[in-house]
$ cat upload14.cif   # mmCIF, C-alpha atoms and all ligand atoms
data_entry
loop_
_atom_site.label_atom_id
_atom_site.label_comp_id
_atom_site.auth_asym_id
_atom_site.auth_seq_id
_atom_site.Cartn_x
_atom_site.Cartn_y
_atom_site.Cartn_z
CA MET J 1 -31.10 7.85 9.03
CA LEU J 2 -27.54 7.88 7.77
CA SER J 3 -26.56 9.32 4.41
CA GLN J 4 -26.66 7.22 1.27
CA LEU J 5 -22.92 7.78 1.01
CA ALA J 6 -22.23 6.53 4.53
CA LEU J 7 -24.43 3.50 3.93
CA SER J 8 -22.55 2.68 0.74
CA ILE J 9 -19.03 2.82 2.20
CA LYS J 10 -17.59 -0.25 3.86
CA GLU J 11 -14.93 -0.48 6.53
CA SER J 12 -11.29 -0.89 5.47
CA PRO J 13 -10.78 -4.66 5.58
CA THR J 14 -7.04 -4.37 6.17
CA LEU J 15 -7.52 -2.20 9.25
CA LYS J 16 -10.39 -4.39 10.44
CA LEU J 17 -8.20 -7.49 10.24
CA ASN J 18 -5.49 -5.77 12.29
CA GLU J 19 -8.11 -5.28 14.99
CA THR J 20 -9.34 -8.85 14.71
CA ALA J 21 -5.79 -10.15 15.13
CA ALA J 22 -5.15 -7.87 18.12
CA LEU J 23 -8.42 -8.88 19.82
CA LEU J 24 -7.71 -12.58 19.42
CA ARG J 25 -4.18 -12.09 20.75
CA ASP J 26 -5.54 -10.25 23.77
CA LYS J 27 -7.71 -13.27 24.46
CA GLY J 28 -4.60 -15.43 24.45
CA GLU J 29 -5.28 -17.06 21.08
CA PRO J 30 -2.13 -18.22 19.24
CA VAL J 31 -2.75 -15.94 16.26
CA ILE J 32 -0.28 -15.43 13.44
CA HIS J 33 -1.04 -12.26 11.52
CA LEU J 34 0.06 -12.74 7.93
CA GLY J 35 -2.43 -10.15 6.72
CA GLY J 36 -0.63 -7.11 8.08
CA GLY J 37 0.66 -4.13 6.16
CA GLU J 38 3.40 -2.74 8.38
CA PRO J 39 7.05 -3.59 9.01
CA LYS J 40 7.89 -4.72 12.51
CA SER J 41 11.16 -2.79 12.83
CA ARG J 42 11.50 0.32 15.00
CA ALA J 43 11.19 3.84 13.64
CA PRO J 44 14.64 5.36 12.88
CA ILE J 45 16.29 7.03 15.86
CA ASP J 46 16.41 10.33 13.94
CA ALA J 47 12.61 10.23 13.71
CA ILE J 48 12.26 9.66 17.42
CA ILE J 49 14.70 12.47 18.22
CA GLY J 50 12.88 14.82 15.82
CA CYS J 51 9.54 14.05 17.45
CA ALA J 52 10.86 14.12 21.04
CA SER J 53 12.60 17.46 20.50
CA LEU J 54 9.28 19.09 19.77
CA LEU J 55 7.50 17.33 22.61
CA ASN J 56 10.22 18.45 25.02
CA THR J 57 9.37 22.07 24.31
CA GLY J 58 5.79 21.45 25.41
CA GLU J 59 4.69 23.74 22.61
CA VAL J 60 2.79 21.60 20.19
CA ARG J 61 0.81 23.95 17.97
CA TYR J 62 -1.05 24.08 14.69
CA THR J 63 1.16 23.85 11.64
CA PRO J 64 0.42 25.19 8.15
CA ALA J 65 -2.39 23.08 6.67
CA ASP J 66 -0.10 21.77 3.92
CA GLY J 67 2.84 20.96 6.21
CA ILE J 68 5.77 22.50 8.09
CA PRO J 69 8.21 24.29 5.73
CA ALA J 70 11.11 22.16 7.04
CA LEU J 71 9.22 18.99 6.10
CA LYS J 72 8.38 20.35 2.66
CA LYS J 73 12.08 21.08 2.26
CA ALA J 74 12.90 17.48 3.20
CA VAL J 75 10.34 16.25 0.66
CA ILE J 76 11.85 18.50 -2.00
CA ARG J 77 15.26 17.00 -1.28
CA TYR J 78 13.77 13.49 -1.37
CA THR J 79 12.19 14.25 -4.73
CA GLU J 80 15.51 15.51 -6.09
CA GLU J 81 17.43 12.53 -4.77
CA HIS J 82 15.01 9.76 -5.71
CA TYR J 83 13.21 11.22 -8.73
CA ASP J 84 15.80 13.62 -10.10
CA ARG J 85 13.13 16.35 -10.19
CA SER J 86 13.30 19.86 -8.75
CA VAL J 87 10.08 21.12 -7.25
CA LEU J 88 9.05 24.09 -5.12
CA PRO J 89 7.25 24.20 -1.77
CA GLU J 90 4.08 25.12 -3.71
CA ASN J 91 4.25 21.71 -5.37
CA VAL J 92 4.24 19.79 -2.08
CA ILE J 93 1.47 18.97 0.37
CA VAL J 94 2.03 16.95 3.53
CA SER J 95 -0.95 14.94 4.77
CA SER J 96 -1.95 12.56 7.53
CA GLY J 97 -0.68 9.53 5.65
CA ALA J 98 -0.55 8.76 1.94
CA LYS J 99 -4.21 7.85 2.35
CA GLN J 100 -5.20 11.45 3.04
CA SER J 101 -3.05 12.73 0.18
CA ILE J 102 -4.90 10.39 -2.20
CA MET J 103 -8.25 11.32 -0.70
CA VAL J 104 -7.77 15.10 -0.95
CA ALA J 105 -6.36 14.69 -4.46
CA LEU J 106 -9.52 12.84 -5.49
CA HIS J 107 -11.67 15.51 -3.85
CA ALA J 108 -9.71 18.16 -5.72
CA ILE J 109 -10.00 16.38 -9.07
CA LEU J 110 -13.40 14.72 -9.28
CA ASP J 111 -16.80 16.05 -10.17
CA PRO J 112 -19.80 13.79 -9.53
CA HIS J 113 -19.74 10.65 -11.73
CA ASP J 114 -16.23 11.24 -13.04
CA GLU J 115 -14.45 7.93 -13.55
CA VAL J 116 -11.16 6.82 -12.05
CA ILE J 117 -9.38 3.85 -13.60
CA PHE J 118 -7.02 1.52 -11.74
CA PRO J 119 -5.72 -1.98 -12.44
CA ALA J 120 -6.68 -5.07 -10.45
CA PRO J 121 -5.52 -6.27 -8.09
CA TYR J 122 -5.76 -2.91 -6.35
CA TRP J 123 -5.30 -1.61 -2.85
CA VAL J 124 -8.54 -2.16 -0.91
CA SER J 125 -9.23 1.52 -0.30
CA TYR J 126 -9.16 2.86 -3.88
CA PRO J 127 -12.78 2.01 -4.81
CA GLU J 128 -14.17 3.41 -1.58
CA MET J 129 -12.04 6.55 -1.75
CA VAL J 130 -13.19 7.24 -5.30
CA ARG J 131 -16.81 6.77 -4.22
CA LEU J 132 -16.30 9.01 -1.19
CA ALA J 133 -15.16 11.75 -3.57
CA GLY J 134 -18.28 11.27 -5.70
CA GLY J 135 -16.52 9.40 -8.49
CA VAL J 136 -16.98 6.04 -10.13
CA PRO J 137 -14.22 3.41 -9.83
CA VAL J 138 -13.36 1.58 -13.06
CA VAL J 139 -11.31 -1.56 -12.56
CA VAL J 140 -9.14 -3.00 -15.33
CA THR J 141 -8.22 -6.67 -15.00
CA ALA J 142 -5.52 -8.20 -17.17
CA GLY J 143 -7.02 -10.48 -19.78
CA ASP J 144 -4.15 -12.96 -19.43
CA GLY J 145 -4.83 -13.50 -15.73
CA SER J 146 -1.60 -11.75 -14.72
CA PHE J 147 -1.26 -8.93 -12.20
CA GLN J 148 -0.44 -6.27 -14.77
CA PRO J 149 -2.87 -5.25 -17.51
CA THR J 150 -1.41 -4.07 -20.78
CA PHE J 151 -1.40 -0.41 -21.70
CA ASP J 152 -3.99 -1.20 -24.40
CA GLU J 153 -6.31 -2.66 -21.77
CA ILE J 154 -5.99 0.52 -19.69
CA ALA J 155 -6.50 2.75 -22.75
CA ALA J 156 -9.58 0.74 -23.76
CA ALA J 157 -11.22 1.62 -20.42
CA VAL J 158 -10.74 5.36 -20.98
CA GLY J 159 -13.87 7.23 -21.98
CA SER J 160 -15.28 10.73 -21.94
CA SER J 161 -15.87 10.52 -18.16
CA THR J 162 -12.34 9.42 -17.29
CA LYS J 163 -10.74 11.99 -15.02
CA ALA J 164 -7.90 10.07 -13.44
CA ILE J 165 -5.87 6.87 -13.39
CA ILE J 166 -4.23 5.45 -10.28
CA LEU J 167 -1.11 3.30 -10.55
CA ASN J 168 0.44 1.64 -7.53
CA SER J 169 3.81 0.10 -8.30
CA PRO J 170 5.22 -1.89 -6.55
CA ASN J 171 1.68 -3.08 -6.17
CA ASN J 172 -0.24 -3.82 -3.01
CA PRO J 173 -1.30 -6.71 -2.91
CA SER J 174 0.57 -8.53 -5.72
CA GLY J 175 4.06 -7.16 -5.08
CA VAL J 176 4.42 -6.80 -8.85
CA VAL J 177 6.58 -3.95 -10.10
CA TYR J 178 4.98 -2.65 -13.29
CA THR J 179 7.39 -2.56 -16.19
CA ASP J 180 9.03 0.78 -17.02
CA ASP J 181 7.54 0.53 -20.48
CA PHE J 182 4.00 0.20 -19.13
CA VAL J 183 4.47 3.14 -16.74
CA ARG J 184 5.95 5.23 -19.55
CA GLN J 185 3.00 4.48 -21.83
CA VAL J 186 0.44 5.37 -19.16
CA VAL J 187 2.31 8.55 -18.16
CA GLU J 188 2.65 9.75 -21.76
CA PHE J 189 -0.98 8.92 -22.49
CA CYS J 190 -2.21 10.85 -19.44
CA GLU J 191 -0.03 13.87 -20.23
CA LYS J 192 -1.26 13.92 -23.81
CA ARG J 193 -4.93 13.44 -22.94
CA GLY J 194 -4.95 15.71 -19.87
CA ILE J 195 -5.93 12.88 -17.52
CA TRP J 196 -4.70 13.06 -13.93
CA LEU J 197 -2.33 10.26 -13.00
CA LEU J 198 -1.95 9.45 -9.32
CA MET J 199 1.24 7.46 -8.81
CA ASP J 200 0.95 5.75 -5.45
CA ASP J 201 4.65 5.21 -4.74
CA THR J 202 4.17 4.03 -1.15
CA TYR J 203 6.42 0.97 -1.75
CA ASN J 204 8.72 2.63 -4.26
CA ARG J 205 11.91 2.02 -2.30
CA LEU J 206 11.01 -1.49 -1.19
CA VAL J 207 12.13 -3.30 -4.34
CA TYR J 208 14.30 -6.40 -4.51
CA ASP J 209 16.72 -8.36 -6.67
CA GLY J 210 18.92 -5.30 -7.12
CA ARG J 211 16.38 -3.45 -9.24
CA SER J 212 15.90 0.32 -9.14
CA PRO J 213 12.53 1.87 -8.39
CA THR J 214 10.61 3.16 -11.40
CA ASN J 215 10.77 6.92 -11.79
CA CYS J 216 7.58 8.18 -13.43
CA TYR J 217 9.12 11.65 -13.74
CA ALA J 218 11.49 10.26 -16.36
CA PHE J 219 8.48 10.36 -18.70
CA THR J 220 6.90 13.69 -17.76
CA PRO J 221 7.64 17.26 -18.91
CA GLU J 222 10.52 18.91 -16.99
CA ASP J 223 8.16 21.61 -15.80
CA VAL J 224 5.95 20.10 -13.11
CA GLU J 225 3.39 22.88 -13.73
CA ARG J 226 2.64 21.37 -17.13
CA SER J 227 2.25 17.87 -15.77
CA LYS J 228 -0.84 15.92 -14.70
CA VAL J 229 1.21 13.47 -12.68
CA VAL J 230 0.82 13.48 -8.91
CA VAL J 231 3.36 11.42 -6.97
CA ILE J 232 2.32 10.15 -3.56
CA ASN J 233 4.69 8.86 -0.92
CA CYS J 234 4.83 8.32 2.82
CA VAL J 235 7.16 7.47 5.68
CA SER J 236 4.88 4.63 6.82
CA LYS J 237 6.40 1.64 5.09
CA MET J 238 9.99 2.53 4.18
CA TYR J 239 10.78 3.87 7.66
CA ALA J 240 8.39 1.58 9.56
CA MET J 241 6.44 4.62 10.79
CA THR J 242 2.82 3.62 10.09
CA GLY J 243 1.47 5.07 13.33
CA PHE J 244 2.92 8.53 12.72
CA ARG J 245 0.54 9.00 9.77
CA ILE J 246 2.66 11.16 7.50
CA GLY J 247 2.43 11.10 3.72
CA TRP J 248 2.79 13.65 0.97
CA ALA J 249 1.94 14.46 -2.60
CA VAL J 250 3.92 16.32 -5.25
CA GLY J 251 2.05 17.86 -8.15
CA ASN J 252 1.38 21.05 -10.05
CA ARG J 253 0.71 24.08 -7.89
CA ASP J 254 -2.96 24.56 -8.83
CA LEU J 255 -3.78 21.05 -7.77
CA VAL J 256 -1.67 21.26 -4.61
CA LYS J 257 -3.36 24.54 -3.66
CA ALA J 258 -6.79 22.98 -4.11
CA MET J 259 -5.76 19.93 -2.06
CA SER J 260 -4.41 22.21 0.61
CA ASN J 261 -7.65 24.21 0.78
CA ILE J 262 -9.62 21.00 1.22
CA GLN J 263 -7.22 19.66 3.84
CA SER J 264 -7.34 22.95 5.75
CA GLN J 265 -11.10 22.54 6.12
CA GLN J 266 -10.90 18.85 6.83
CA THR J 267 -8.16 18.13 9.35
CA SER J 268 -5.84 21.18 9.35
CA GLY J 269 -2.16 20.26 9.15
CA PRO J 270 -0.99 16.76 10.14
CA ALA J 271 0.00 16.26 13.79
CA ALA J 272 3.08 18.39 14.52
CA PRO J 273 5.07 15.71 16.44
CA SER J 274 4.58 13.35 13.53
CA GLN J 275 5.78 15.93 11.05
CA TRP J 276 8.95 16.47 13.10
CA ALA J 277 9.42 12.70 13.20
CA ALA J 278 9.15 12.62 9.39
CA ILE J 279 11.70 15.44 9.11
CA GLY J 280 14.05 13.38 11.26
CA ALA J 281 13.51 10.26 9.15
CA LEU J 282 13.94 12.00 5.79
CA ASN J 283 16.97 14.06 6.81
CA GLY J 284 18.61 11.44 9.00
CA VAL J 285 20.86 8.46 8.41
CA GLN J 286 19.24 6.24 5.78
CA HIS J 287 20.62 2.82 6.61
CA SER J 288 17.34 1.66 8.19
CA VAL J 289 15.75 1.61 4.72
CA SER J 290 18.42 -0.66 3.24
CA ALA J 291 18.37 -2.84 6.36
CA LEU J 292 14.60 -3.19 6.07
CA ARG J 293 14.88 -3.97 2.39
CA ALA J 294 17.43 -6.73 3.04
CA THR J 295 15.29 -8.28 5.79
CA LEU J 296 12.19 -8.18 3.63
CA GLU J 297 13.97 -9.68 0.64
CA ASN J 298 15.09 -12.61 2.76
CA ASN J 299 11.58 -12.99 4.19
CA ARG J 300 10.17 -12.95 0.67
CA ASN J 301 12.51 -15.71 -0.46
CA VAL J 302 11.51 -17.91 2.46
CA LEU J 303 7.80 -17.23 2.07
CA VAL J 304 7.72 -17.84 -1.67
CA ALA J 305 9.66 -21.11 -1.31
CA ARG J 306 7.34 -22.33 1.47
CA LEU J 307 4.19 -21.39 -0.39
CA ARG J 308 5.41 -23.09 -3.55
CA ALA J 309 5.86 -26.27 -1.55
CA ILE J 310 2.07 -26.44 -1.07
CA PRO J 311 0.72 -28.46 -4.01
CA GLY J 312 -1.66 -26.47 -6.25
CA VAL J 313 -0.78 -23.03 -4.84
CA LYS J 314 0.44 -20.68 -7.58
CA VAL J 315 2.79 -17.91 -6.49
CA THR J 316 4.18 -15.00 -8.49
CA ALA J 317 7.36 -13.88 -6.74
CA PRO J 318 6.92 -10.24 -5.71
CA GLY J 319 9.52 -7.79 -6.99
CA GLY J 320 8.64 -5.27 -4.27
CA THR J 321 6.36 -4.42 -1.30
CA PHE J 322 6.00 -6.97 1.48
CA TYR J 323 3.03 -8.85 0.10
CA THR J 324 2.49 -12.02 -1.89
CA PHE J 325 -0.79 -12.75 -3.59
CA PRO J 326 -0.89 -16.53 -4.15
CA ASP J 327 -3.68 -18.25 -6.01
CA PHE J 328 -5.40 -20.77 -3.73
CA SER J 329 -8.29 -21.52 -6.06
CA ALA J 330 -7.21 -25.17 -6.33
CA TYR J 331 -8.43 -25.43 -2.73
CA GLU J 332 -11.21 -22.83 -2.51
CA LYS J 333 -12.37 -20.30 -5.06
CA LYS J 334 -14.10 -18.00 -2.57
CA SER J 335 -11.32 -16.12 -0.82
CA HIS J 336 -13.54 -15.00 2.10
CA VAL J 337 -14.45 -18.59 2.85
CA LEU J 338 -10.81 -19.65 2.73
CA ALA J 339 -9.56 -16.76 4.90
CA ALA J 340 -12.33 -17.41 7.47
CA MET J 341 -11.48 -21.12 7.53
CA LEU J 342 -7.76 -20.43 8.08
CA LEU J 343 -8.53 -18.03 10.90
CA ASP J 344 -10.98 -20.40 12.51
CA LYS J 345 -9.02 -23.60 12.13
CA VAL J 346 -5.37 -22.59 12.47
CA ARG J 347 -5.56 -18.99 13.70
CA VAL J 348 -3.74 -17.50 10.70
CA VAL J 349 -4.91 -14.07 9.50
CA THR J 350 -4.77 -13.44 5.73
CA VAL J 351 -6.61 -10.91 3.57
CA PRO J 352 -9.15 -12.31 1.09
CA GLY J 353 -8.26 -11.58 -2.54
CA LYS J 354 -11.82 -10.39 -3.21
CA GLU J 355 -11.04 -7.22 -1.26
CA PHE J 356 -8.35 -6.44 -3.85
CA GLY J 357 -10.62 -7.25 -6.79
CA MET J 358 -9.32 -10.76 -7.45
CA GLU J 359 -11.06 -13.91 -6.22
CA GLY J 360 -9.26 -17.15 -5.44
CA HIS J 361 -6.22 -15.36 -3.98
CA LEU J 362 -5.12 -14.46 -0.47
CA ARG J 363 -2.77 -11.63 0.43
CA ILE J 364 -0.01 -13.03 2.62
CA SER J 365 2.47 -10.54 4.04
CA PHE J 366 6.15 -11.03 4.71
CA CYS J 367 6.66 -8.02 6.94
CA GLY J 368 6.49 -10.15 10.11
CA THR J 369 9.25 -12.29 11.61
CA LEU J 370 10.66 -15.34 9.84
CA LYS J 371 9.22 -17.48 12.62
CA GLU J 372 5.73 -16.09 11.98
CA ILE J 373 6.14 -16.66 8.25
CA THR J 374 7.36 -20.25 8.47
CA GLU J 375 4.94 -21.26 11.21
CA GLY J 376 2.06 -19.47 9.50
CA VAL J 377 2.63 -21.24 6.20
CA GLN J 378 3.08 -24.55 8.00
CA ARG J 379 -0.35 -24.05 9.55
CA ILE J 380 -1.89 -23.12 6.19
CA GLN J 381 -0.38 -26.23 4.61
CA TRP J 382 -1.67 -28.38 7.44
CA ALA J 383 -5.18 -26.98 6.94
CA LEU J 384 -5.19 -27.48 3.16
CA ASP J 385 -2.81 -30.16 1.97
CA PRO J 386 -3.97 -33.71 2.75
CA ASN J 387 -0.38 -34.93 2.37
CA ALA J 388 1.09 -32.54 4.94
CA PRO J 389 2.19 -34.08 8.26
CA ASN J 390 -0.85 -35.06 10.28
CA GLU J 391 0.23 -33.33 13.46
CA LEU J 392 0.25 -29.60 14.26
CA PHE J 393 0.95 -27.79 17.51
CA LEU J 394 -1.13 -24.67 17.96
CA GLY J 395 -0.13 -22.67 21.01
CA GLY J 396 0.59 -25.83 23.00
CA ARG J 397 -2.48 -27.71 21.70
CA ARG J 398 -1.79 -30.83 19.63
CA LEU J 399 -4.02 -31.07 16.58
CA LEU J 400 -4.36 -34.05 14.26
CA ARG J 401 -5.84 -33.43 10.85
CA ASP J 402 -7.47 -36.85 10.71
CA GLY J 403 -9.03 -36.00 14.09
CA LEU J 404 -7.83 -39.27 15.70
N1 LIG A 501 -1.75 -0.20 3.49
C1 LIG A 501 -1.71 -1.23 4.48
C2 LIG A 501 -2.39 -2.47 3.99
O1 LIG A 501 -2.75 -2.57 2.85
C3 LIG A 501 -2.21 -0.74 5.80
C4 LIG A 501 -3.66 -0.69 6.06
C5 LIG A 501 -4.41 0.24 5.19
O2 LIG A 501 -4.41 1.45 5.40
O3 LIG A 501 -5.01 -0.31 4.27
O4 LIG A 501 -2.51 -3.40 4.77
#
$ encode --input "upload14.cif" --output "structure tokens"
Amino acid sequence: MLSQLALSIKESPTLKLNETAALLRDKGEPVIHLGGGEPKSRAPIDAIIGCASLLNTGEVRYTPADGIPALKKAVIRYTEEHYDRSVLPENVIVSSGAKQSIMVALHAILDPHDEVIFPAPYWVSYPEMVRLAGGVPVVVTAGDGSFQPTFDEIAAAVGSSTKAIILNSPNNPSGVVYTDDFVRQVVEFCEKRGIWLLMDDTYNRLVYDGRSPTNCYAFTPEDVERSKVVVINCVSKMYAMTGFRIGWAVGNRDLVKAMSNIQSQQTSGPAAPSQWAAIGALNGVQHSVSALRATLENNRNVLVARLRAIPGVKVTAPGGTFYTFPDFSAYEKKSHVLAAMLLDKVRVVTVPGKEFGMEGHLRISFCGTLKEITEGVQRIQWALDPNAPNELFLGGRRLLRDGL
């Protein structure tokens, strides 16, 4: 018999859908994966050189559980450059992806039944991660139906069991960048009340329309040791290095030490070649990030325009990330039913909004090619809109909506 915990935890739907798409492709199905969460560009050459240099030595050994000193140094520089905050190596832990940093932070923070608040829509893994760490997820949904609750709505959810709040801005799946004022209010509230605040800044540098990323440190005490804010980042999205699995957290030294102890028992340090790749990416030429940002911004513009051309579909233009979260409830309120229908009928993979805590929506990514985006939306429109052209070509097969 498996544990109650194991039985209560479900598989990551985003990762599952990646597998589904890959399996269908292997079978020769004309799948378009608009559910994905990774850029298609190559990893920066400096990352590859960093990784290859280590591999060439043939000496690939354990690293310190909390990361190679050279990578911590690169993270410290990154924190200075992008957050204007000086931190020490004791304030940094490198993990196997941002996911592990969040997980070990929750393990370090939570006692059984402690509550963790986060706004909806939320990244699919937060509820399960909180449960894995013995905590209770508390979801706050904006009363006005938008993708950003007010500070008052967040504060109203805080009770005697609240141990932490998680903010993810730019937000996966909505692409919404929370306002500076909202972030400031939450940061100041957490500092005052002694509540941990996990800032998941995975998409922090992927913001559009000329805006600057929000810097939560602008609202925290200068001395990181007096702060409850933990900033989480990774190389996965901004450098297109998802498979390397390198993320990190910056926080006060007591917390980082506890996280490091847990990580040392759990997985030891992250894979050494991946850490050297991350050193290469962080210390190397940075133009790949701006190139990626420009490509994604163009993709976003095309995707939003195409989606808005489908009658009844409501789209909030994302200010960051590479996701849109349109409301399809005019066609189908149950997002699982809609996503299954689109996969079955027109071989387009999307992620059901229910997984992100919001029914009626689908997450549609714009990290693929423009061709995938335009063809994918064309297929969706064909499947839903009775006034769309009757004919659709699907991998060489001619389909007619009226079936004639
Ligand atoms: N974060 C990405 C996503 O939301 C990658 C998959 C995952 O770890 O959830 O699709």
$ closest_residue --input "upload14.cif" --among "J:Ala65, J:Val124, J:Val92, J:Ala278" --to "ligand LIG 501 (chain A)" --atoms "all atoms listed in the file"
J:Val124
$ residues_near_ligand --input "upload14.cif" --ligand "ligand LIG 501 (chain A)" --cutoff "7 Å" --atoms "all atoms listed in the file" --output "PDB file with C-alpha atoms, keeping the file's coordinate frame"
ATOM      1  CA  SER J  12     -11.290  -0.890   5.470  1.00  0.00           C
ATOM      2  CA  THR J  14      -7.040  -4.370   6.170  1.00  0.00           C
ATOM      3  CA  LEU J  15      -7.520  -2.200   9.250  1.00  0.00           C
ATOM      4  CA  GLY J  36      -0.630  -7.110   8.080  1.00  0.00           C
ATOM      5  CA  GLY J  37       0.660  -4.130   6.160  1.00  0.00           C
ATOM      6  CA  GLU J  38       3.400  -2.740   8.380  1.00  0.00           C
ATOM      7  CA  TRP J 123      -5.300  -1.610  -2.850  1.00  0.00           C
ATOM      8  CA  VAL J 124      -8.540  -2.160  -0.910  1.00  0.00           C
ATOM      9  CA  SER J 125      -9.230   1.520  -0.300  1.00  0.00           C
ATOM     10  CA  ASN J 172      -0.240  -3.820  -3.010  1.00  0.00           C
TER      11      ASN J 172
END
$ closest_residue --input "upload14.cif" --among "J:Ala281, J:Val186, J:Val348, J:Val75" --to "Met238 (chain J)" --atoms "only C-alpha atoms"
J:Ala281
$ closest_residue --input "upload14.cif" --among "J:Asp344, J:Trp248, J:Gln378, J:Gly134" --to "Gln4 (chain J)" --atoms "only C-alpha atoms"
J:Gly134
$ residues_around --input "upload14.cif" --residues "Glu225 (chain J)" --least-positions-apart "5" --cutoff "12 Å" --atoms "all atoms listed in the file" --output "MDAnalysis selection string"
chainID J and resid 86:88 90:91 191 220 230 250:256
$ residues_near_point --input "upload14.cif" --point "(8.7, 20.3, 7.0)" --cutoff "9 Å" --atoms "only C-alpha atoms" --output "PyMOL selection string"
chain J and resi 67-75+94+275-276+278-279
$ atom_distance --input "upload14.cif" --atom1 "CA of Tyr217 (chain J)" --atom2 "CA of Val177 (chain J)"
16.2 Å
$ atom_distance --input "upload14.cif" --atom1 "CA of Ser227 (chain J)" --atom2 "CA of Asp200 (chain J)"
16.0 Å
